[in-house]
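Okay, my_file_3.cif is below, mmCIF, C-alpha atoms, pLDDT in the B column; chains and numbers go by the auth columns:
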data_my_file
#
loop_
_atom_site.group_PDB
_atom_site.id
_atom_site.type_symbol
_atom_site.label_atom_id
_atom_site.label_comp_id
_atom_site.label_asym_id
_atom_site.label_seq_id
_atom_site.Cartn_x
_atom_site.Cartn_y
_atom_site.Cartn_z
_atom_site.B_iso_or_equiv
_atom_site.auth_seq_id
_atom_site.auth_asym_id
ATOM 1 C CA MET A 1 13.461 20.597 10.196 52.00 15 K
ATOM 2 C CA LYS A 2 16.318 22.869 9.214 56.00 16 K
ATOM 3 C CA ALA A 3 17.642 26.086 10.705 51.00 17 K
ATOM 4 C CA GLU A 4 19.481 28.332 8.272 59.00 18 K
ATOM 5 C CA GLY A 5 19.880 25.389 5.912 67.00 19 K
ATOM 6 C CA LYS A 6 21.243 23.044 8.593 84.00 20 K
ATOM 7 C CA ARG A 7 19.808 19.738 9.794 91.00 21 K
ATOM 8 C CA ILE A 8 19.387 20.049 13.553 94.00 22 K
ATOM 9 C CA LEU A 9 19.088 17.274 16.134 97.00 23 K
ATOM 10 C CA CYS A 10 17.734 18.131 19.555 97.00 24 K
ATOM 11 C CA VAL A 11 19.054 15.840 22.328 98.00 25 K
ATOM 12 C CA ARG A 12 16.863 15.505 25.438 97.00 26 K
ATOM 13 C CA ASP A 13 18.588 13.669 28.305 98.00 27 K
ATOM 14 C CA LEU A 14 15.869 12.692 30.784 97.00 28 K
ATOM 15 C CA GLY A 15 18.165 10.929 33.247 97.00 29 K
ATOM 16 C CA HIS A 16 16.128 8.284 35.130 97.00 30 K
ATOM 17 C CA GLN A 17 12.437 8.216 34.252 97.00 31 K
ATOM 18 C CA ASP A 18 9.656 5.638 34.334 96.00 32 K
ATOM 19 C CA TYR A 19 8.585 3.928 31.130 96.00 33 K
ATOM 20 C CA GLU A 20 4.989 5.192 30.913 96.00 34 K
ATOM 21 C CA SER A 21 5.722 8.897 31.306 97.00 35 K
ATOM 22 C CA THR A 22 8.541 8.620 28.756 97.00 36 K
ATOM 23 C CA LEU A 23 6.171 6.905 26.329 97.00 37 K
ATOM 24 C CA ASP A 24 3.652 9.733 26.771 97.00 38 K
ATOM 25 C CA PHE A 25 6.457 12.226 26.120 97.00 39 K
ATOM 26 C CA GLN A 26 7.441 10.353 22.944 97.00 40 K
ATOM 27 C CA ARG A 27 3.872 10.460 21.668 97.00 41 K
ATOM 28 C CA LYS A 28 3.615 14.193 22.308 98.00 42 K
ATOM 29 C CA LEU A 29 6.877 14.884 20.477 98.00 43 K
ATOM 30 C CA ALA A 30 5.922 12.573 17.591 97.00 44 K
ATOM 31 C CA GLU A 31 2.709 14.533 16.986 97.00 45 K
ATOM 32 C CA GLN A 32 4.665 17.786 17.063 97.00 46 K
ATOM 33 C CA ARG A 33 7.221 16.363 14.635 97.00 47 K
ATOM 34 C CA LYS A 34 4.506 15.235 12.209 96.00 48 K
ATOM 35 C CA LYS A 35 3.222 18.824 12.147 95.00 49 K
ATOM 36 C CA GLY A 36 6.723 20.196 11.577 94.00 50 K
ATOM 37 C CA GLU A 37 6.624 22.124 14.856 96.00 51 K
ATOM 38 C CA ILE A 38 9.928 20.738 16.182 96.00 52 K
ATOM 39 C CA PRO A 39 13.184 19.350 14.722 96.00 53 K
ATOM 40 C CA ASP A 40 14.215 15.727 15.069 97.00 54 K
ATOM 41 C CA VAL A 41 14.745 14.717 18.692 98.00 55 K
ATOM 42 C CA LEU A 42 16.859 12.032 20.361 98.00 56 K
ATOM 43 C CA ILE A 43 15.624 11.159 23.849 98.00 57 K
ATOM 44 C CA LEU A 44 18.158 9.510 26.167 98.00 58 K
ATOM 45 C CA VAL A 45 16.898 7.836 29.332 98.00 59 K
ATOM 46 C CA GLU A 46 17.418 5.099 31.897 98.00 60 K
ATOM 47 C CA HIS A 47 14.210 3.382 33.008 98.00 61 K
ATOM 48 C CA ASP A 48 13.070 1.749 36.202 95.00 62 K
ATOM 49 C CA ARG A 49 13.049 -2.061 35.988 96.00 63 K
ATOM 50 C CA VAL A 50 10.422 -3.129 33.462 96.00 64 K
ATOM 51 C CA TYR A 51 9.675 -5.800 30.869 96.00 65 K
ATOM 52 C CA THR A 52 7.986 -4.458 27.734 95.00 66 K
ATOM 53 C CA MET A 53 6.123 -6.536 25.181 91.00 67 K
ATOM 54 C CA GLY A 54 6.062 -5.364 21.583 90.00 68 K
ATOM 55 C CA ARG A 55 3.259 -5.886 19.085 89.00 69 K
ATOM 56 C CA ASN A 56 4.628 -9.296 18.061 86.00 70 K
ATOM 57 C CA ALA A 57 5.449 -10.542 21.558 89.00 71 K
ATOM 58 C CA LYS A 58 4.414 -14.027 22.623 91.00 72 K
ATOM 59 C CA ASP A 59 3.190 -14.625 26.157 91.00 73 K
ATOM 60 C CA LYS A 60 5.357 -17.746 26.447 93.00 74 K
ATOM 61 C CA ASN A 61 8.469 -15.554 26.304 93.00 75 K
ATOM 62 C CA VAL A 62 7.610 -14.151 29.736 93.00 76 K
ATOM 63 C CA VAL A 63 8.685 -17.083 31.886 92.00 77 K
ATOM 64 C CA MET A 64 7.952 -15.522 35.296 92.00 78 K
ATOM 65 C CA SER A 65 4.501 -16.035 36.768 91.00 79 K
ATOM 66 C CA ASP A 66 2.423 -13.070 37.892 89.00 80 K
ATOM 67 C CA VAL A 67 3.373 -13.845 41.490 93.00 81 K
ATOM 68 C CA GLU A 68 7.079 -14.003 40.631 92.00 82 K
ATOM 69 C CA LEU A 69 6.836 -10.731 38.712 90.00 83 K
ATOM 70 C CA SER A 70 5.217 -9.076 41.707 90.00 84 K
ATOM 71 C CA GLN A 71 7.883 -10.404 44.036 92.00 85 K
ATOM 72 C CA SER A 72 10.683 -9.327 41.699 93.00 86 K
ATOM 73 C CA GLY A 73 9.520 -5.717 41.554 93.00 87 K
ATOM 74 C CA ILE A 74 9.758 -5.733 37.745 94.00 88 K
ATOM 75 C CA ARG A 75 6.620 -4.526 35.988 93.00 89 K
ATOM 76 C CA LEU A 76 5.274 -5.952 32.717 94.00 90 K
ATOM 77 C CA ILE A 77 3.920 -3.480 30.138 92.00 91 K
ATOM 78 C CA LYS A 78 2.464 -4.022 26.676 92.00 92 K
ATOM 79 C CA THR A 79 3.487 -1.374 24.173 93.00 93 K
ATOM 80 C CA ASP A 80 3.154 -0.496 20.483 89.00 94 K
ATOM 81 C CA ARG A 81 6.703 -0.950 19.210 92.00 95 K
ATOM 82 C CA GLY A 82 7.771 -3.789 16.972 86.00 96 K
ATOM 83 C CA GLY A 83 9.493 -6.886 18.303 86.00 97 K
ATOM 84 C CA ASP A 84 8.987 -9.272 21.194 89.00 98 K
ATOM 85 C CA VAL A 85 9.679 -8.916 24.914 93.00 99 K
ATOM 86 C CA THR A 86 12.694 -7.056 26.291 94.00 100 K
ATOM 87 C CA TYR A 87 14.009 -5.583 29.537 95.00 101 K
ATOM 88 C CA HIS A 88 14.778 -2.010 30.544 97.00 102 K
ATOM 89 C CA GLY A 89 16.443 -0.974 33.765 97.00 103 K
ATOM 90 C CA PRO A 90 19.164 1.052 35.473 97.00 104 K
ATOM 91 C CA GLY A 91 22.517 0.892 33.721 98.00 105 K
ATOM 92 C CA GLN A 92 20.921 0.575 30.288 98.00 106 K
ATOM 93 C CA LEU A 93 21.063 3.506 27.874 98.00 107 K
ATOM 94 C CA VAL A 94 17.754 3.764 26.037 98.00 108 K
ATOM 95 C CA GLY A 95 17.533 6.000 22.990 98.00 109 K
ATOM 96 C CA TYR A 96 14.213 7.107 21.501 98.00 110 K
ATOM 97 C CA PRO A 97 14.672 9.006 18.226 98.00 111 K
ATOM 98 C CA ILE A 98 11.660 11.077 17.172 98.00 112 K
ATOM 99 C CA MET A 99 12.659 11.626 13.553 97.00 113 K
ATOM 100 C CA ASN A 100 11.091 12.237 10.196 96.00 114 K
ATOM 101 C CA ILE A 101 12.768 9.657 7.956 95.00 115 K
ATOM 102 C CA GLY A 102 10.702 10.463 4.868 89.00 116 K
ATOM 103 C CA GLY A 103 12.622 10.114 1.646 80.00 117 K
ATOM 104 C CA GLU A 104 13.222 7.674 -1.175 79.00 118 K
ATOM 105 C CA GLY A 105 14.555 4.354 0.122 83.00 119 K
ATOM 106 C CA ARG A 106 14.208 5.436 3.746 90.00 120 K
ATOM 107 C CA GLY A 107 11.828 2.837 5.098 92.00 121 K
ATOM 108 C CA VAL A 108 11.763 0.950 8.376 94.00 122 K
ATOM 109 C CA LEU A 109 14.520 -1.495 7.358 95.00 123 K
ATOM 110 C CA TRP A 110 16.832 1.373 6.338 96.00 124 K
ATOM 111 C CA TYR A 111 16.167 3.056 9.656 96.00 125 K
ATOM 112 C CA VAL A 112 16.767 -0.059 11.780 96.00 126 K
ATOM 113 C CA GLN A 113 20.026 -0.743 9.950 97.00 127 K
ATOM 114 C CA LYS A 114 21.160 2.833 10.642 97.00 128 K
ATOM 115 C CA LEU A 115 20.411 2.400 14.354 98.00 129 K
ATOM 116 C CA GLU A 116 22.438 -0.806 14.353 98.00 130 K
ATOM 117 C CA GLU A 117 25.255 1.089 12.641 98.00 131 K
ATOM 118 C CA VAL A 118 25.181 3.738 15.382 98.00 132 K
ATOM 119 C CA ILE A 119 25.575 1.048 18.051 98.00 133 K
ATOM 120 C CA CYS A 120 28.281 -0.854 16.174 98.00 134 K
ATOM 121 C CA SER A 121 30.263 2.358 15.590 98.00 135 K
ATOM 122 C CA THR A 122 29.929 3.254 19.273 98.00 136 K
ATOM 123 C CA LEU A 123 31.208 -0.168 20.325 98.00 137 K
ATOM 124 C CA GLU A 124 34.132 0.199 17.937 97.00 138 K
ATOM 125 C CA LYS A 125 35.152 3.349 19.836 95.00 139 K
ATOM 126 C CA PHE A 126 35.622 1.096 22.865 95.00 140 K
ATOM 127 C CA GLY A 127 37.574 -1.527 20.924 96.00 141 K
ATOM 128 C CA LEU A 128 34.669 -3.947 20.512 97.00 142 K
ATOM 129 C CA LYS A 129 33.339 -5.673 17.414 97.00 143 K
ATOM 130 C CA GLY A 130 29.573 -5.482 17.215 96.00 144 K
ATOM 131 C CA VAL A 131 27.762 -7.634 14.659 96.00 145 K
ATOM 132 C CA THR A 132 24.213 -7.700 13.330 96.00 146 K
ATOM 133 C CA ASP A 133 21.858 -10.498 12.337 91.00 147 K
ATOM 134 C CA PRO A 134 19.199 -9.834 9.662 89.00 148 K
ATOM 135 C CA HIS A 135 16.966 -12.456 11.269 88.00 149 K
ATOM 136 C CA ASN A 136 17.286 -11.035 14.801 89.00 150 K
ATOM 137 C CA ARG A 137 17.544 -7.265 14.846 92.00 151 K
ATOM 138 C CA GLY A 138 19.897 -5.617 17.320 95.00 152 K
ATOM 139 C CA VAL A 139 23.632 -5.757 17.951 97.00 153 K
ATOM 140 C CA TRP A 140 25.637 -8.710 19.201 96.00 154 K
ATOM 141 C CA ILE A 141 29.113 -9.383 20.518 96.00 155 K
ATOM 142 C CA GLY A 142 29.799 -12.980 19.658 93.00 156 K
ATOM 143 C CA ASN A 143 26.784 -15.008 20.762 93.00 157 K
ATOM 144 C CA ASP A 144 25.601 -12.384 23.253 95.00 158 K
ATOM 145 C CA LYS A 145 23.227 -9.515 22.575 96.00 159 K
ATOM 146 C CA ILE A 146 24.334 -6.121 23.851 97.00 160 K
ATOM 147 C CA ALA A 147 21.694 -3.872 22.243 97.00 161 K
ATOM 148 C CA ALA A 148 18.047 -4.432 21.389 95.00 162 K
ATOM 149 C CA ILE A 149 16.088 -2.494 18.774 95.00 163 K
ATOM 150 C CA GLY A 150 12.338 -2.084 18.461 94.00 164 K
ATOM 151 C CA VAL A 151 10.680 0.750 16.551 95.00 165 K
ATOM 152 C CA ARG A 152 7.422 2.187 15.325 94.00 166 K
ATOM 153 C CA VAL A 153 7.070 4.460 12.292 95.00 167 K
ATOM 154 C CA THR A 154 3.868 6.332 11.427 94.00 168 K
ATOM 155 C CA ARG A 155 3.603 8.990 8.712 93.00 169 K
ATOM 156 C CA HIS A 156 7.405 8.789 8.368 95.00 170 K
ATOM 157 C CA VAL A 157 7.978 9.735 12.044 97.00 171 K
ATOM 158 C CA THR A 158 9.747 7.291 14.345 97.00 172 K
ATOM 159 C CA MET A 159 9.157 6.271 17.949 97.00 173 K
ATOM 160 C CA HIS A 160 10.798 3.817 20.361 97.00 174 K
ATOM 161 C CA GLY A 161 14.365 2.885 19.358 97.00 175 K
ATOM 162 C CA PHE A 162 17.363 1.134 20.930 97.00 176 K
ATOM 163 C CA ALA A 163 18.518 -0.119 24.336 97.00 177 K
ATOM 164 C CA LEU A 164 22.264 -0.518 24.920 98.00 178 K
ATOM 165 C CA ASN A 165 23.446 -2.424 27.993 98.00 179 K
ATOM 166 C CA VAL A 166 26.134 -0.364 29.737 98.00 180 K
ATOM 167 C CA SER A 167 26.156 -1.619 33.320 97.00 181 K
ATOM 168 C CA VAL A 168 22.973 -3.656 33.595 97.00 182 K
ATOM 169 C CA ASN A 169 22.188 -6.275 36.227 95.00 183 K
ATOM 170 C CA LEU A 170 21.923 -9.221 33.836 96.00 184 K
ATOM 171 C CA ALA A 171 20.069 -11.275 36.454 94.00 185 K
ATOM 172 C CA ASP A 172 17.009 -9.136 35.653 94.00 186 K
ATOM 173 C CA TYR A 173 16.765 -10.871 32.277 94.00 187 K
ATOM 174 C CA LYS A 174 15.946 -14.192 33.932 93.00 188 K
ATOM 175 C CA GLY A 175 12.202 -13.522 33.838 92.00 189 K
ATOM 176 C CA ILE A 176 11.990 -13.460 30.039 93.00 190 K
ATOM 177 C CA ILE A 177 13.329 -15.029 26.872 88.00 191 K
ATOM 178 C CA PRO A 178 14.800 -11.787 25.489 88.00 192 K
ATOM 179 C CA CYS A 179 13.363 -10.985 22.042 84.00 193 K
ATOM 180 C CA GLY A 180 12.081 -14.579 22.003 86.00 194 K
ATOM 181 C CA ILE A 181 15.522 -15.877 21.029 83.00 195 K
ATOM 182 C CA VAL A 182 16.565 -19.212 22.530 86.00 196 K
ATOM 183 C CA GLY A 183 20.176 -20.353 22.842 84.00 197 K
ATOM 184 C CA ARG A 184 21.905 -16.980 22.805 87.00 198 K
ATOM 185 C CA GLY A 185 23.014 -14.796 25.690 93.00 199 K
ATOM 186 C CA ILE A 186 22.976 -11.221 26.932 96.00 200 K
ATOM 187 C CA THR A 187 25.993 -9.097 27.824 97.00 201 K
ATOM 188 C CA SER A 188 26.792 -5.595 29.086 97.00 202 K
ATOM 189 C CA LEU A 189 29.577 -3.130 28.281 97.00 203 K
ATOM 190 C CA ASN A 190 30.946 -3.011 31.825 96.00 204 K
ATOM 191 C CA LEU A 191 31.831 -6.702 31.567 95.00 205 K
ATOM 192 C CA LEU A 192 33.950 -5.989 28.492 96.00 206 K
ATOM 193 C CA VAL A 193 35.377 -2.519 29.103 94.00 207 K
ATOM 194 C CA PRO A 194 36.785 -1.725 32.574 88.00 208 K
ATOM 195 C CA ARG A 195 35.565 1.418 34.394 91.00 209 K
ATOM 196 C CA ILE A 196 33.171 2.467 31.655 94.00 210 K
ATOM 197 C CA SER A 197 30.733 5.240 32.542 96.00 211 K
ATOM 198 C CA MET A 198 27.250 6.049 31.296 97.00 212 K
ATOM 199 C CA SER A 199 28.270 9.629 30.529 96.00 213 K
ATOM 200 C CA GLU A 200 31.039 8.615 28.118 97.00 214 K
ATOM 201 C CA VAL A 201 28.755 6.110 26.393 97.00 215 K
ATOM 202 C CA LYS A 202 26.107 8.811 25.934 97.00 216 K
ATOM 203 C CA GLN A 203 28.721 11.115 24.430 96.00 217 K
ATOM 204 C CA MET A 204 29.854 8.449 21.962 97.00 218 K
ATOM 205 C CA VAL A 205 26.301 7.449 21.001 98.00 219 K
ATOM 206 C CA VAL A 206 25.273 11.045 20.321 98.00 220 K
ATOM 207 C CA GLY A 207 28.407 11.653 18.263 97.00 221 K
ATOM 208 C CA GLU A 208 27.866 8.571 16.123 98.00 222 K
ATOM 209 C CA PHE A 209 24.156 9.318 15.769 98.00 223 K
ATOM 210 C CA LEU A 210 24.944 12.783 14.439 97.00 224 K
ATOM 211 C CA ARG A 211 27.512 11.407 12.010 97.00 225 K
ATOM 212 C CA ILE A 212 25.577 8.430 10.683 97.00 226 K
ATOM 213 C CA PHE A 213 22.277 10.286 10.253 97.00 227 K
ATOM 214 C CA GLU A 214 24.178 13.268 8.778 95.00 228 K
ATOM 215 C CA TYR A 215 23.110 16.091 11.069 95.00 229 K
ATOM 216 C CA ASP A 216 24.851 19.442 10.844 94.00 230 K
ATOM 217 C CA ASP A 217 24.370 20.581 14.418 93.00 231 K
ATOM 218 C CA VAL A 218 23.060 19.476 17.818 94.00 232 K
ATOM 219 C CA ARG A 219 20.916 21.293 20.360 92.00 233 K
ATOM 220 C CA ARG A 220 20.829 19.974 23.949 91.00 234 K
ATOM 221 C CA GLU A 221 17.823 20.571 26.179 82.00 235 K
#
Same coordinates, now as structure tokens:
Amino acid sequence: MKAEGKRILCVRDLGHQDYESTLDFQRKLAEQRKKGEIPDVLILVEHDRVYTMGRNAKDKNVVMSDVELSQSGIRLIKTDRGGDVTYHGPGQLVGYPIMNIGGEGRGVLWYVQKLEEVICSTLEKFGLKGVTDPHNRGVWIGNDKIAAIGVRVTRHVTMHGFALNVSVNLADYKGIIPCGIVGRGITSLNLLVPRISMSEVKQMVVGEFLRIFEYDDVRRE
């Protein structure tokens, strides 16, 4: 959607919010976007501790038993994004773009690569070299994954998105094999950049998102 010839991105910062209510909010916005009732939206949120299983997730990649999951306080939820199992929790910046990506050459792969570019450009602002792997989507620093990506696109409108570890408790990953990948690790920005804050990471991510997806203006709600 354009206003006076400009491409507008609406940024909705939800703060801390549970996974299910945020998913319901995504679905509502996606239907509005398909009808052209709203501009593209970028939701920013930190979730309560949860493991989510994508459409291609394998049960074996959840290594905690039901009893252990209950004792840990981390819930397990099946969802409709692509990818395998991942973790969300406090200290992780989750971004859910609700965008119409319709256009020649703008398929799911194009979109995922653009999200990876947003993360890599953000990391570069903090002096870090993020790399991608065409066989394992997301962003890595060396052998350790710092951002996961899992999306869903219907009628050209996107849901779900990316999760960037800012100051995550990495011990919470012990209950899963993240993204089903064996032999590689997980890292978080606070281990690599001293005194980093969530607010400055949000600012950088939004700035790079606007630049890479070529928006003209931003509206914050």
Pairwise distance for CA of Arg21 (chain K) and CA of Glu222 (chain K), rounded to one decimal in Å: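 According to the coordinates, CA of Arg21 (chain K) and CA of Glu222 (chain K) are separated by 15.2 Å.
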Please report, as a Markdown table, each residue of region 86-138 of chain K lying at most 10 Å from region 171-184 of chain K, together with the nearest pair of atoms and the separation in Å rounded to one decimal; use only C-alpha atoms, and order rows by chain and ascending residue number.
| residue | atom | partner | partner_atom | distance |
| --- | --- | --- | --- | --- |
| K:Thr93 | CA | K:His174 | CA | 9.7 |
| K:Asp94 | CA | K:His174 | CA | 8.8 |
| K:Arg95 | CA | K:His174 | CA | 6.4 |
| K:Gly96 | CA | K:His174 | CA | 8.9 |
| K:Thr100 | CA | K:Ala177 | CA | 9.3 |
| K:Tyr101 | CA | K:Ala177 | CA | 8.8 |
| K:His102 | CA | K:Ala177 | CA | 7.5 |
| K:Gly103 | CA | K:Val182 | CA | 7.1 |
| K:Pro104 | CA | K:Val182 | CA | 6.3 |
| K:Gly105 | CA | K:Ser181 | CA | 4.4 |
| K:Gln106 | CA | K:Asn179 | CA | 4.5 |
| K:Leu107 | CA | K:Leu178 | CA | 5.1 |
| K:Val108 | CA | K:Ala177 | CA | 4.3 |
| K:Gly109 | CA | K:Phe176 | CA | 5.3 |
| K:Tyr110 | CA | K:Gly175 | CA | 4.7 |
| K:Pro111 | CA | K:Met173 | CA | 6.2 |
| K:Ile112 | CA | K:Thr172 | CA | 5.1 |
| K:Met113 | CA | K:Val171 | CA | 5.3 |
| K:Asn114 | CA | K:Val171 | CA | 4.4 |
| K:Ile115 | CA | K:Val171 | CA | 6.3 |
| K:Gly116 | CA | K:Val171 | CA | 7.7 |
| K:Val122 | CA | K:Thr172 | CA | 8.9 |
| K:Tyr125 | CA | K:Thr172 | CA | 9.0 |
| K:Val126 | CA | K:Gly175 | CA | 8.5 |
| K:Leu129 | CA | K:Phe176 | CA | 7.4 |
| K:Glu130 | CA | K:Phe176 | CA | 8.5 |
| K:Val132 | CA | K:Phe176 | CA | 9.9 |
| K:Ile133 | CA | K:Leu178 | CA | 7.8 |
Residue nearest Leu123 (chain K) among K:Gly141, K:Gly199, K:Gly164, K:Pro208 (counting only C-alpha atoms):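 Counting only C-alpha atoms, the residue closest to Leu123 (chain K) is K:Gly164.
Restricting the calculation to only C-alpha atoms, the smallest distance between Val219 (chain K) and any of K:Lys188, K:Lys139, K:Arg69, K:Lys159 is found for K:Lys139.
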Among listed residues K:Leu37, K:Ile155, K:Ile163, K:Val207, nearest Pro192 (chain K) (using only C-alpha atoms):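 Counting only C-alpha atoms, the residue closest to Pro192 (chain K) is K:Ile163.
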Nearest residue to Asp98 (chain K) from the set K:Val232, K:Gly29, K:Gly194, K:Glu138 (distances using only C-alpha atoms):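 Nearest candidate to Asp98 (chain K) out of K:Val232, K:Gly29, K:Gly194, K:Glu138: K:Gly194.
Separating CA of Ile57 (chain K) from CA of Glu235 (chain K) is a distance of 9.9 Å.
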Selection result of the PyMOL selection byres ((chain K and resi 64) around 8) on this file, as an NGL selection string: :K and (33 or 61-63 or 65-66 or 88-91 or 101-103)
Atomic distance CA of Val25 (chain K) - CA of Cys193 (chain K), expressed in Å with one decimal: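 If I compute the distance from CA of Val25 (chain K) to CA of Cys193 (chain K), I get 27.4 Å.
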Result set, the PyMOL selection byres ((chain K and resi 148) around 12) on current file, as a PyMOL selection string: chain K and resi 123-124+126-127+130+145-147+149-154
Exercise: residues within 12 Å of coordinate (19.4, -7.3, 46.3), counting all atoms listed in the file, as an NGL selection string: :K and (86-87 or 183 or 185-186)
Return the padded bounding box of region 80-87 of chain K as lines of an AutoDock Vina configuration file: axis-aligned, built from all atoms listed in the file, 8 Å added on each side, with centre and edge lengths in Å to one decimal.
center_x = 6.6
center_y = -9.9
center_z = 41.0
size_x = 24.3
size_y = 24.3
size_z = 22.1
Shell of 12 Å around Leu224 (chain K), only C-alpha atoms, local chain residues under 4 positions omitted, as number ranges by chain: K: 21-25, 54-56, 111, 128-129, 131-132, 135-136, 217-220, 228-233
Take the residues from that selection and write them out as a short mmCIF file (atom, residue, chain, number, x, y, z; two decimals), in the frame of the given file, keeping C-alpha atoms.
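Written file, out-v1.cif:
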data_model
loop_
_atom_site.label_atom_id
_atom_site.label_comp_id
_atom_site.auth_asym_id
_atom_site.auth_seq_id
_atom_site.Cartn_x
_atom_site.Cartn_y
_atom_site.Cartn_z
CA ARG K 21 19.81 19.74 9.79
CA ILE K 22 19.39 20.05 13.55
CA LEU K 23 19.09 17.27 16.13
CA CYS K 24 17.73 18.13 19.56
CA VAL K 25 19.05 15.84 22.33
CA ASP K 54 14.22 15.73 15.07
CA VAL K 55 14.74 14.72 18.69
CA LEU K 56 16.86 12.03 20.36
CA PRO K 111 14.67 9.01 18.23
CA LYS K 128 21.16 2.83 10.64
CA LEU K 129 20.41 2.40 14.35
CA GLU K 131 25.26 1.09 12.64
CA VAL K 132 25.18 3.74 15.38
CA SER K 135 30.26 2.36 15.59
CA THR K 136 29.93 3.25 19.27
CA GLN K 217 28.72 11.12 24.43
CA MET K 218 29.85 8.45 21.96
CA VAL K 219 26.30 7.45 21.00
CA VAL K 220 25.27 11.04 20.32
CA GLU K 228 24.18 13.27 8.78
CA TYR K 229 23.11 16.09 11.07
CA ASP K 230 24.85 19.44 10.84
CA ASP K 231 24.37 20.58 14.42
CA VAL K 232 23.06 19.48 17.82
CA ARG K 233 20.92 21.29 20.36
#
